[in-house]
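With compact mmCIF, C-alpha atoms inside, this is work.txt:
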# COMPACT_ATOMS: atom_id res chain seq x y z
CA MET N 16 -4.82 -7.84 -14.43
CA SER N 17 -3.15 -4.64 -15.53
CA THR N 18 0.59 -4.23 -15.13
CA ARG N 19 0.05 -1.65 -12.38
CA SER N 20 -2.16 -3.99 -10.38
CA TRP N 21 0.33 -6.84 -10.73
CA TRP N 22 3.08 -4.61 -9.35
CA VAL N 23 0.94 -3.78 -6.33
CA VAL N 24 0.24 -7.47 -5.64
CA LEU N 25 3.83 -8.54 -6.31
CA ALA N 26 5.31 -5.87 -4.08
CA LEU N 27 3.12 -6.99 -1.19
CA VAL N 28 2.96 -10.75 -1.69
CA ALA N 29 5.86 -11.88 -3.84
CA GLY N 30 8.45 -9.41 -2.65
CA CYS N 31 10.19 -12.16 -0.67
CA ALA N 32 10.50 -14.58 -3.59
CA ALA N 33 14.21 -13.98 -4.23
CA PRO N 34 16.74 -16.55 -2.94
CA PRO N 35 17.57 -16.06 0.76
CA GLY N 36 20.13 -13.31 1.16
CA THR N 37 22.83 -12.73 3.69
CA SER N 38 21.40 -9.75 5.50
CA GLY N 39 23.30 -8.96 8.68
CA PRO N 40 21.79 -9.43 12.13
CA ARG N 41 19.25 -6.85 13.22
CA ASP N 42 19.23 -4.99 16.51
CA PRO N 43 15.87 -5.72 18.21
CA SER N 44 16.07 -2.49 20.20
CA ARG N 45 16.28 -0.49 16.97
CA LEU N 46 13.33 -2.41 15.58
CA ALA N 47 11.22 -1.59 18.62
CA ALA N 48 12.19 2.06 18.43
CA ALA N 49 11.42 2.45 14.73
CA GLY N 50 8.63 4.70 13.53
CA PRO N 51 4.87 4.26 13.34
CA GLY N 52 3.65 0.96 12.02
CA SER N 53 6.88 -0.93 12.71
CA PRO N 54 6.74 -4.08 14.84
CA PRO N 55 6.17 -4.46 17.69
CA GLY N 56 4.85 -0.90 18.09
CA SER N 57 1.31 0.09 18.90
CA ARG N 58 1.11 3.27 16.83
CA PRO N 59 -1.23 4.05 13.93
CA ALA N 60 -0.09 4.20 10.33
CA SER N 61 0.72 7.89 10.33
CA PHE N 62 3.41 10.26 11.56
CA ALA N 63 3.76 13.77 12.86
CA GLY N 64 3.62 16.47 10.23
CA ALA N 65 1.73 14.49 7.60
CA THR N 66 -1.83 15.64 8.22
CA ALA N 67 -1.05 19.35 7.86
CA PHE N 68 -0.71 18.95 4.09
CA LEU N 69 -3.31 16.32 3.20
CA PRO N 70 -6.53 17.16 1.30
CA PRO N 71 -9.88 17.23 3.14
CA ASN N 72 -12.18 14.22 3.26
CA TYR N 73 -9.85 12.01 1.24
CA GLU N 74 -11.10 8.55 0.27
CA CYS N 75 -7.93 6.49 -0.16
CA GLU N 76 -4.70 6.25 1.83
CA LEU N 77 -1.49 4.40 1.02
CA PHE N 78 1.09 3.90 3.76
CA ALA N 79 4.54 2.31 3.73
CA ASP N 80 7.04 1.95 6.58
CA TYR N 81 10.38 1.53 4.83
CA ALA N 82 12.33 1.82 8.09
CA ALA N 83 10.55 -1.24 9.51
CA MET N 84 10.97 -3.14 6.24
CA ARG N 85 14.71 -2.42 6.32
CA GLU N 86 14.97 -3.74 9.87
CA LEU N 87 13.18 -6.95 8.88
CA GLY N 88 15.42 -7.45 5.85
CA LEU N 89 12.41 -7.24 3.53
CA LEU N 90 13.82 -4.42 1.40
CA ASP N 91 17.02 -6.42 0.87
CA GLU N 92 14.95 -9.27 -0.54
CA LEU N 93 12.88 -6.93 -2.71
CA GLU N 94 16.02 -5.45 -4.22
CA ARG N 95 17.11 -8.92 -5.37
CA LEU N 96 14.04 -9.33 -7.57
CA PRO N 97 14.60 -8.58 -11.27
CA GLY N 98 13.61 -5.02 -12.02
CA MET N 99 12.76 -4.15 -8.42
CA ASP N 100 15.95 -2.18 -7.79
CA ASP N 101 14.90 0.34 -10.44
CA PHE N 102 11.32 0.26 -9.13
CA LEU N 103 12.43 1.08 -5.58
CA SER N 104 14.82 3.76 -6.81
CA ALA N 105 11.92 5.37 -8.65
CA ILE N 106 9.99 5.57 -5.36
CA GLY N 107 12.82 7.60 -3.83
CA GLY N 108 13.12 9.68 -7.00
CA SER N 109 9.47 10.68 -6.80
CA TYR N 110 10.41 12.55 -3.59
CA PHE N 111 13.59 14.00 -5.17
CA SER N 112 15.55 11.71 -2.80
CA GLU N 113 17.11 8.29 -2.46
CA LEU N 114 14.91 5.60 -0.95
CA ASP N 115 17.57 5.04 1.73
CA GLN N 116 16.74 8.52 3.06
CA ILE N 117 13.02 7.77 3.43
CA ASP N 118 11.55 6.06 6.49
CA ARG N 119 7.80 6.32 5.91
CA THR N 120 5.38 7.59 3.30
CA ARG N 121 1.69 8.44 3.53
CA THR N 122 -0.34 9.23 0.41
CA ALA N 123 -3.89 10.59 0.40
CA MET N 124 -6.11 10.40 -2.68
CA VAL N 125 -9.33 12.13 -3.61
CA PHE N 126 -11.47 10.86 -6.49
CA ASP N 127 -13.59 12.40 -9.19
CA TRP N 128 -16.43 9.94 -9.78
CA SER N 129 -18.21 11.93 -12.47
CA GLY N 130 -16.60 10.42 -15.57
CA SER N 131 -16.85 6.98 -17.13
CA ARG N 132 -13.85 5.96 -15.00
CA PRO N 133 -12.89 7.47 -11.63
CA THR N 134 -9.81 9.67 -11.68
CA ASN N 135 -7.71 10.59 -8.68
CA ARG N 136 -5.53 13.40 -7.37
CA GLU N 137 -3.10 12.92 -4.51
CA VAL N 138 -0.79 14.41 -1.95
CA SER N 139 2.05 12.30 -0.55
CA VAL N 140 4.16 13.03 2.53
CA ALA N 141 7.50 11.32 3.17
CA GLU N 142 9.35 11.29 6.49
CA GLY N 143 13.08 10.62 6.54
CA ARG N 144 16.55 12.06 6.99
CA ASP N 145 18.52 14.79 5.19
CA LEU N 146 15.63 15.62 2.86
CA HIS N 147 16.41 18.80 0.92
CA PRO N 148 15.49 20.40 -2.42
CA PRO N 149 17.72 19.24 -5.28
CA ALA N 150 20.80 21.39 -5.86
CA GLU N 151 19.98 21.37 -9.56
CA VAL N 152 16.39 21.44 -10.73
CA PRO N 153 15.64 18.39 -12.92
CA ALA N 154 14.61 18.86 -16.52
CA GLY N 155 10.91 19.58 -16.85
CA CYS N 156 10.76 21.26 -13.42
CA ALA N 157 11.07 24.80 -12.10
CA ARG N 158 11.63 26.50 -8.76
CA VAL N 159 8.54 28.36 -7.54
CA HIS N 160 7.50 30.15 -4.36
CA ILE N 161 4.09 29.41 -2.82
CA GLY N 162 3.09 31.11 0.42
CA ARG N 163 6.12 30.87 2.70
CA PHE N 164 7.52 27.82 0.92
CA ASP N 165 10.16 27.43 -1.74
CA ALA N 166 9.04 24.60 -3.98
CA VAL N 167 9.91 22.61 -7.08
CA GLN N 168 7.10 22.20 -9.58
CA VAL N 169 6.80 19.84 -12.54
CA THR N 170 6.16 22.03 -15.59
CA GLU N 171 5.94 19.32 -18.25
CA GLY N 172 3.65 16.30 -18.44
CA PRO N 173 0.85 15.89 -15.87
CA THR N 174 -1.83 18.58 -15.97
CA SER N 175 -1.97 18.46 -12.14
CA ARG N 176 1.53 20.05 -12.05
CA PRO N 177 2.93 18.03 -9.11
CA THR N 178 4.68 20.31 -6.63
CA ALA N 179 7.25 19.40 -3.96
CA ILE N 180 8.03 21.31 -0.76
CA TRP N 181 10.41 20.66 2.13
CA PRO N 182 8.89 21.97 5.40
CA SER N 183 11.94 20.59 7.24
CA SER N 184 14.92 18.33 6.63
CA SER N 185 12.79 15.36 7.77
CA ILE N 186 9.65 15.97 5.68
CA VAL N 187 9.03 16.28 1.94
CA VAL N 188 5.53 16.78 0.52
CA VAL N 189 4.65 16.06 -3.12
CA GLY N 190 1.20 16.60 -4.55
CA GLY N 191 -1.05 18.14 -7.15
CA HIS N 192 -0.62 21.91 -7.25
CA ASP N 193 -4.38 22.50 -6.96
CA LEU N 194 -4.54 20.44 -3.74
CA LEU N 195 -1.41 21.88 -2.12
CA GLU N 196 -1.65 25.57 -2.98
CA PRO N 197 -4.62 26.40 -0.69
CA VAL N 198 -2.77 24.82 2.24
CA LEU N 199 0.54 26.49 1.46
CA ARG N 200 -1.10 29.90 1.18
CA GLY N 201 -2.90 29.42 4.49
CA GLU N 202 -6.33 29.38 2.82
CA ARG N 203 -7.25 25.92 4.09
CA ALA N 204 -6.23 23.76 7.03
CA GLY N 205 -4.89 20.25 6.56
CA GLY N 206 -7.46 17.57 5.86
CA VAL N 207 -8.60 14.39 7.54
CA PRO N 208 -9.74 11.05 6.09
CA HIS N 209 -13.32 10.43 5.03
CA SER N 210 -15.36 9.18 8.00
CA ASP N 211 -15.71 5.74 6.36
CA LEU N 212 -11.95 5.50 5.84
CA LEU N 213 -10.74 6.56 9.28
CA PRO N 214 -11.70 3.38 11.24
CA LEU N 215 -9.74 1.16 8.83
CA VAL N 216 -6.47 3.11 8.91
CA PRO N 217 -4.93 2.49 12.38
CA GLY N 218 -3.21 -0.75 13.31
CA ASN N 219 -0.14 -2.32 14.88
CA GLY N 220 2.94 -3.54 13.05
CA ILE N 221 1.90 -2.15 9.67
CA LEU N 222 4.58 -2.41 7.00
CA MET N 223 2.46 -1.41 4.04
CA GLN N 224 -1.23 -0.88 3.44
CA ALA N 225 -3.80 0.56 1.05
CA VAL N 226 -7.24 1.62 2.33
CA ILE N 227 -10.11 2.89 0.18
CA CYS N 228 -13.75 3.83 0.82
CA SER N 229 -16.78 5.28 -1.03
CA LEU N 230 -17.11 2.13 -3.16
CA HIS N 231 -20.78 1.35 -2.65
CA GLY N 232 -22.99 2.07 -5.63
CA ARG N 233 -20.11 2.72 -8.03
CA SER N 234 -20.35 1.22 -11.51
CA ARG N 235 -16.58 1.56 -12.02
CA MET N 236 -13.90 1.20 -9.39
CA PRO N 237 -10.46 2.73 -8.91
CA PHE N 238 -7.85 0.00 -9.48
CA ASP N 239 -10.72 -2.09 -10.88
CA ASP N 240 -8.54 -5.06 -11.93
CA ALA N 241 -7.26 -5.53 -8.38
CA PHE N 242 -10.78 -5.04 -7.00
CA PHE N 243 -12.13 -7.74 -9.31
CA LEU N 244 -9.39 -10.15 -8.20
CA LEU N 245 -10.41 -9.69 -4.56
CA THR N 246 -14.16 -9.84 -5.10
CA GLY N 247 -14.43 -12.38 -7.93
CA PRO N 248 -15.43 -15.39 -5.77
CA GLY N 249 -18.35 -13.41 -4.37
CA LYS N 250 -19.04 -11.01 -7.22
CA ASP N 251 -22.80 -10.91 -6.63
CA ALA N 252 -22.35 -9.84 -3.02
CA ALA N 253 -19.53 -7.42 -3.90
CA ALA N 254 -22.08 -4.76 -4.85
CA ASP N 255 -22.59 -4.11 -1.11
CA ILE N 256 -18.90 -3.41 -0.35
CA GLU N 257 -18.28 0.16 0.81
CA ALA N 258 -14.59 0.02 1.81
CA GLY N 259 -11.54 -2.21 1.62
CA ARG N 260 -8.05 -2.56 3.04
CA LEU N 261 -4.98 -4.47 1.85
CA ARG N 262 -2.34 -4.78 4.59
CA LEU N 263 1.09 -6.34 5.01
CA GLY N 264 2.15 -6.44 8.66
CA ALA N 265 4.56 -8.02 11.09
CA ASP N 266 4.05 -9.00 14.71
CA SER N 267 6.47 -8.75 17.63
CA ASP N 268 8.02 -12.09 16.64
CA GLU N 269 8.74 -10.73 13.13
CA ARG N 270 6.15 -13.00 11.51
CA LEU N 271 4.69 -11.52 8.34
CA ASN N 272 0.96 -11.53 7.69
CA LEU N 273 -1.00 -10.43 4.64
CA SER N 274 -4.68 -9.58 4.89
CA VAL N 275 -7.56 -8.13 2.91
CA THR N 276 -10.48 -6.62 4.82
CA LEU N 277 -13.68 -5.82 2.94
CA ARG N 278 -16.34 -3.81 4.75
CA PHE N 279 -19.97 -4.07 3.66
CA VAL N 280 -22.64 -1.39 4.01
CA GLN N 281 -24.71 -1.38 7.18
CA GLY N 282 -27.61 -3.82 6.97
CA SER N 283 -26.21 -5.87 4.09
CA THR N 284 -27.54 -9.45 4.00
CA ARG N 285 -24.77 -10.57 1.65
CA VAL N 286 -21.79 -10.65 4.02
CA ALA N 287 -22.05 -14.31 4.99
CA ALA N 288 -22.58 -15.36 1.37
CA PHE N 289 -19.50 -13.45 0.29
CA ALA N 290 -17.33 -15.07 2.99
CA GLN N 291 -18.64 -18.52 2.09
CA GLY N 292 -17.99 -17.83 -1.60
CA TRP N 293 -14.35 -17.21 -0.79
CA ARG N 294 -14.11 -20.38 1.32
CA ASP N 295 -15.62 -22.42 -1.52
CA GLN N 296 -13.28 -20.85 -4.06
CA LEU N 297 -10.19 -21.58 -1.94
CA ALA N 298 -11.32 -25.20 -1.53
CA GLU N 299 -11.84 -25.53 -5.30
CA TRP N 300 -8.44 -24.05 -6.05
CA GLY N 301 -6.87 -26.36 -3.47
CA ARG N 302 -8.34 -29.49 -5.05
CA ALA N 303 -6.85 -28.59 -8.42
CA ALA N 304 -3.53 -27.21 -7.17
CA ALA N 305 -0.10 -28.76 -6.85
CA PRO N 306 0.78 -29.87 -3.28
CA ALA N 307 2.98 -26.82 -2.59
CA VAL N 308 0.21 -24.45 -3.65
CA ARG N 309 -2.43 -26.48 -1.81
CA LYS N 310 -0.45 -26.12 1.42
CA VAL N 311 -0.38 -22.33 1.06
CA LEU N 312 -4.10 -22.19 0.25
CA THR N 313 -4.93 -24.14 3.40
CA ASP N 314 -3.13 -21.44 5.41
CA VAL N 315 -5.56 -18.79 4.15
CA SER N 316 -8.32 -17.97 6.62
CA VAL N 317 -11.66 -16.33 5.81
CA ARG N 318 -13.40 -14.77 8.80
CA GLN N 319 -16.57 -12.74 9.10
CA ASP N 320 -16.78 -10.16 11.87
CA GLY N 321 -20.05 -8.27 11.70
CA ARG N 322 -20.08 -6.49 8.36
CA ASP N 323 -16.37 -7.14 7.72
CA VAL N 324 -14.86 -10.07 5.84
CA ASP N 325 -11.18 -10.65 6.57
CA ILE N 326 -9.12 -12.85 4.23
CA ALA N 327 -5.67 -13.42 5.71
CA ILE N 328 -2.59 -15.60 5.57
CA ASP N 329 0.20 -15.97 8.13
CA LEU N 330 3.34 -15.97 5.96
CA GLY N 331 5.60 -16.84 8.91
CA THR N 332 9.09 -15.44 9.32
CA LEU N 333 10.82 -13.79 6.38
CA ARG N 334 12.61 -17.04 5.53
CA GLN N 335 9.36 -19.04 5.77
CA ALA N 336 7.60 -16.48 3.57
CA ILE N 337 10.37 -16.78 0.99
CA THR N 338 9.97 -20.56 0.92
CA LYS N 339 6.20 -20.35 0.53
CA VAL N 340 6.36 -17.89 -2.33
CA GLN N 341 9.16 -19.82 -4.05
CA ASN N 342 7.16 -23.04 -3.86
CA VAL N 343 4.08 -21.38 -5.31
CA ALA N 344 6.10 -19.71 -8.06
CA LEU N 345 7.81 -22.99 -9.02
CA ALA N 346 4.47 -24.83 -9.07
CA MET N 347 2.92 -22.15 -11.28
CA MET N 348 5.86 -22.26 -13.69
CA ALA N 349 5.67 -26.06 -13.83
CA ALA N 350 1.95 -25.91 -14.57
CA GLN N 351 2.56 -23.34 -17.30
CA SER N 352 5.24 -25.51 -18.91
CA ARG N 353 2.80 -28.46 -19.13
CA ARG N 354 0.27 -26.48 -21.13
CA PRO N 355 0.04 -27.47 -24.80
Translate this file's structure into structure tokens.
Amino acid sequence: MSTRSWWVVLALVAGCAAPPGTSGPRDPSRLAAAGPGSPPGSRPASFAGATAFLPPNYECELFADYAAMRELGLLDELERLPGMDDFLSAIGGSYFSELDQIDRTRTAMVFDWSGSRPTNREVSVAEGRDLHPPAEVPAGCARVHIGRFDAVQVTEGPTSRPTAIWPSSSIVVVGGHDLLEPVLRGERAGGVPHSDLLPLVPGNGILMQAVICSLHGRSRMPFDDAFFLLTGPGKDAAADIEAGRLRLGADSDERLNLSVTLRFVQGSTRVAAFAQGWRDQLAEWGRAAAPAVRKVLTDVSVRQDGRDVDIAIDLGTLRQAITKVQNVALAMMAAQSRRP
């Protein structure tokens, strides 16, 4: 897997692997009142003000609810991982802010499928507190005025010239200049997800998720290393997959769950074979695994629902999730040390 793909997987799955911390008690009433996607709410993974700036017919959406992750203590555990403090700080920096100021982010991507590898452009909207343009423009950036907005634009590096605007003190929008300018000048209304993406976006208790569509019939995939990891056990059937979702969530009891949902094209006869391929692969891995890993593998469920295959694991409470990931990590390190 590429380094980028490993970071995605680690941030979602192994983010709790640090030793248990001493996070203070959480106020359940604050948790219930947190923003969209936070447990135990029943709101979709979106927030007011985001859609006005997103591109039309976008094919991929990334969502993160940092407010809910703070309430659960998950961000505290992530920060204890080597290198993750800088990684999380860079997330805040990409919005010209500190991560502590950001509650939720929603990123929409559109793809160009014409080349040998798909390329993407994106617009990302962050919701938070005290979000303002920087007092001093960072090196490689310049202040610009687009429509009725004062903005900061990157002038060095990416050809897309990422541009940031602050519609209010609670919203910052960062995206490719070519995607944002028509909206900012009033030449185009805000966009909506592709019709194949929209049904997979909403959900309860979402902490973090990535949803992508328009996969069927593509010879090369965006994030192809991660896609191969998820489809490897059923690679022959994977040709019929049209959309996928990776989701980390929490229920009203603060139990974490990680799931992958793969949606096949209408009429596919390969769905059952794909699900069975995953069950067989998990059983094979379990037979060869150390006891701690085998226990985790037995907690993974593979379920077919119509044309969807859902691969999920109940990670338990934050402390239980930490223990599971630690046990797997220790077993993997032990196995590595025994190699000649």
- Query: Interatomic distance between CA of Asn135 in chain N and CA of Val198 in chain N?
  - Reply: 18.6 Å
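Of the residues listed (N:Gly162, N:Pro214, N:Pro177, N:Gly155), N:Gly162 shows the shortest atom-to-atom separation from Pro197 in chain N; distances use all atoms listed in the file.
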- Message: (11.3, 3.7, -4.7) in this file's frame - what residues fall within 12 Å of it? Use all atoms listed in the file and give the answer as a ChimeraX atom specification.
- Response: /N:26,79,81,90,93-94,98-120,141
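The residue that comes closest to Val324 in chain N, out of N:Met348, N:Ser267, N:Arg260, N:Asp295 and on the basis of all atoms listed in the file, is N:Arg260.
Compared by their closest atoms to Gln168 in chain N, and using all atoms listed in the file, the residues N:Gly259, N:Gly282, N:Pro182, N:Gly190 rank with N:Gly190 nearest.
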- Task: Work out how far apart CA of Pro71 in chain N and CA of His147 in chain N are and give it in Å to one decimal.
- Result: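 Taking CA of Pro71 in chain N and CA of His147 in chain N, their separation equals 26.4 Å.
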- Task: Record the distance separating CA of Gly264 in chain N and CA of Pro208 in chain N, expressed in Å with one decimal.
- Result: 21.3 Å
- Query: What's the 10 Å shell around Arg322 in chain N, counting only C-alpha atoms, without same-chain residues fewer than 5 positions away, as a PyMOL selection string?
  - Reply: chain N and resi 256+277-287
- Excluding Lys310 in chain N and any residue of its chain fewer than 5 positions from it, enumerate the residues within 10 Å of it, using only C-alpha atoms, and give them as a ChimeraX atom specification. /N:301,304-305,315,339,342-343
- Message: So, with only C-alpha atoms as the atoms that count, which of N:Gly191, N:Gly292, N:Pro306, N:Gly220 lies closest to Leu271 in chain N?
- Response: N:Gly220
Draw an axis-aligned box over all listed atoms of range 110-117 of chain N, pad each side with 5 Å, and write its centre and edge lengths in Å, one decimal, as lines of an AutoDock Vina configuration file.
center_x = 14.0
center_y = 9.5
center_z = -0.9
size_x = 17.2
size_y = 19.0
size_z = 18.6
- Would you please work out which residue, of N:Glu202, N:Asp145, N:Asp91, N:Asp211, is nearest to Trp181 in chain N when using all atoms listed in the file?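 Comparing N:Glu202, N:Asp145, N:Asp91, N:Asp211 against Trp181 in chain N, the winner is N:Asp145.
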- Item | Among listed residues N:Ser139, N:Gln291, N:Thr134, N:Thr66, nearest Gln319 in chain N (using only C-alpha atoms) |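 Closest residue, counting only C-alpha atoms: N:Gln291.
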- Residue contacts of Arg200 in chain N (9 Å, all atoms listed in the file) excluding same-chain residues fewer than 3 positions away, as a list in words: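 My list of contacting residues is Ile161, Gly162, Arg163, Phe164, Leu195, Glu196, Pro197 and Arg203 of chain N.
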